[in-house]
Amino acid sequence: MSSKQALPGDKIAIIEEFETGQNTFDDGHSIRSLVVGTPEFDKTNRVAKINGIKKPAVPKPGNVIVGNVSALMNNMFAINVMYIDGRPTHAGLEVICQARGAKKRILVRVGDIATAKVISLLNGVIHAIISEPELGVLFSTCNKCAGSIVSMGSSVKCVDCGYIEERKLSTKFGNSDFIKFDSN
Ligand SMILES: [Zn+2]
């Protein structure tokens, strides 16, 4: 049995042998593919279907992403997306967050794990915000000694060296059970 990729219109089986399944149609003689994907034949139920190739998920406005802060610029920062609405993604996407009117405030640091809400897609750039209470930094370490930090409202304090600095924390800060960090 071939697992060769089928293109739309490709004949994958004859109607005497199989019924149409997902992503297929019957042209009166043959079962043909509607999509690009891999044919799969269920011999017990005599159903032929195509497993469509999944396109990498792109965050849409309203989606909540989780990722690590990859770059910090004057009035914006980038988050490398690891989860979209809780589902892992490996598409290498970045969202951009504006830190408007916050020039003097430290919202995030590179390497922080943060959660943000997507607000728009403009010219291929995904814009997100961290201004809502549940959005912002989920996990971070001391900027001086990399020690553990605790929340002090709008700042964080290192339990090792006592260093205090500002952060825009998520209300879920310190409660990171819901995501597993891969340390590759
Ligand atoms: Zn420290």
# chains A, B, ... in the order shown; residues from 1 in each chain; ligands from 1
>>> residues_near_ligand(ligand="ligand 1", cutoff="9 Å", atoms="only C-alpha atoms and all ligand atoms", output="list in words")
Thr141, Cys142, Asn143, Lys144, Cys145, Ala146, Gly147, Ser148, Ile149, Lys157, Cys158, Val159, Asp160, Cys161, Gly162, Tyr163 and Ile164 of chain A
>>> residues_around(residues="range 42-55 of chain A", least_positions_apart="4", cutoff="7 Å", atoms="only C-alpha atoms", output="PyMOL selection string")
chain A and resi 17-24+33+35-38
>>> residues_around(residues="Glu94 in chain A", least_positions_apart="5", cutoff="7 Å", atoms="only C-alpha atoms", output="list in words")
Ala78, Ile79, Asn80 and Val81 of chain A
>>> write_last_selection(atoms="N, CA and C atoms", output="short mmCIF file (atom, residue, chain, number, x, y, z; two decimals), in the first residue's frame")
data_model
loop_
_atom_site.label_atom_id
_atom_site.label_comp_id
_atom_site.auth_asym_id
_atom_site.auth_seq_id
_atom_site.Cartn_x
_atom_site.Cartn_y
_atom_site.Cartn_z
N ALA A 78 9.56 41.44 21.34
CA ALA A 78 9.09 40.30 20.55
C ALA A 78 9.00 39.07 21.44
N ILE A 79 7.95 38.27 21.19
CA ILE A 79 7.79 37.00 21.90
C ILE A 79 7.81 35.87 20.87
N ASN A 80 8.69 34.92 21.07
CA ASN A 80 8.78 33.73 20.23
C ASN A 80 7.68 32.76 20.69
N VAL A 81 6.71 32.50 19.80
CA VAL A 81 5.50 31.77 20.20
C VAL A 81 5.76 30.28 20.40
#
>>> closest_residue(among="A:Asn74, A:Gln5, A:Asn63, A:Ser30", to="Val118 in chain A", atoms="only C-alpha atoms")
A:Asn63
>>> closest_residue(among="A:Val64, A:Ile84, A:Met152, A:Ile31", to="Ile130 in chain A", atoms="only C-alpha atoms")
A:Val64
>>> residues_around(residues="Lys172 in chain A", least_positions_apart="6", cutoff="9 Å", atoms="only C-alpha atoms", output="PyMOL selection string")
chain A and resi 133-138
>>> closest_residue(among="A:Arg105, A:Ser140, A:Val125, A:Lys117", to="Glu166 in chain A", atoms="only C-alpha atoms")
A:Arg105
>>> select_by_dssp(residues="range 81-128 of chain A", states="strand (DSSP E or B)", output="list in words")
Val81, Met82, Tyr83, Ile84, Arg87, Pro88, Glu94, Val95, Ile96, Cys97, Gln98, Ile113, Ala114, Thr115, Ala116, Lys117, Val118, Ile119, Ser120, Leu121, Leu122, Val125, Ile126, His127 and Ala128 of chain A
>>> atom_distance(atom1="CA of Gln98 in chain A", atom2="CA of Gly86 in chain A")
22.7 Å
>>> residues_around(residues="range 89-93 of chain A", least_positions_apart="6", cutoff="9 Å", atoms="only C-alpha atoms", output="PyMOL selection string")
chain A and resi 56-59+79-83+126
>>> write_last_selection(atoms="N, CA and C atoms", output="short mmCIF file (atom, residue, chain, number, x, y, z; two decimals), in the first residue's frame")
data_model
loop_
_atom_site.label_atom_id
_atom_site.label_comp_id
_atom_site.auth_asym_id
_atom_site.auth_seq_id
_atom_site.Cartn_x
_atom_site.Cartn_y
_atom_site.Cartn_z
N PRO A 56 0.83 25.17 9.22
CA PRO A 56 1.21 25.66 10.54
C PRO A 56 0.19 26.66 11.05
N ALA A 57 -0.18 26.53 12.30
CA ALA A 57 -1.18 27.41 12.88
C ALA A 57 -0.64 28.83 12.96
N VAL A 58 -1.46 29.77 12.54
CA VAL A 58 -1.10 31.19 12.66
C VAL A 58 -2.05 31.80 13.69
N PRO A 59 -1.50 32.51 14.68
CA PRO A 59 -2.39 33.10 15.68
C PRO A 59 -3.35 34.10 15.04
N ILE A 79 7.95 38.27 21.19
CA ILE A 79 7.79 37.00 21.90
C ILE A 79 7.81 35.87 20.87
N ASN A 80 8.69 34.92 21.07
CA ASN A 80 8.78 33.73 20.23
C ASN A 80 7.68 32.76 20.69
N VAL A 81 6.71 32.50 19.80
CA VAL A 81 5.50 31.77 20.20
C VAL A 81 5.76 30.28 20.40
N MET A 82 5.37 29.76 21.57
CA MET A 82 5.48 28.32 21.85
C MET A 82 4.11 27.65 21.93
N TYR A 83 3.10 28.41 22.35
CA TYR A 83 1.75 27.87 22.48
C TYR A 83 0.75 28.89 21.93
N ILE A 126 2.46 40.01 13.53
CA ILE A 126 1.42 39.69 14.49
C ILE A 126 1.60 40.59 15.71
#
>>> residues_around(residues="Arg167 in chain A", least_positions_apart="2", cutoff="6 Å", atoms="only C-alpha atoms", output="PyMOL selection string")
chain A and resi 106-108+154-155+169
>>> closest_residue(among="A:Gly174, A:Gly9, A:Gly67, A:Gly28", to="Val150 in chain A", atoms="only C-alpha atoms")
A:Gly174
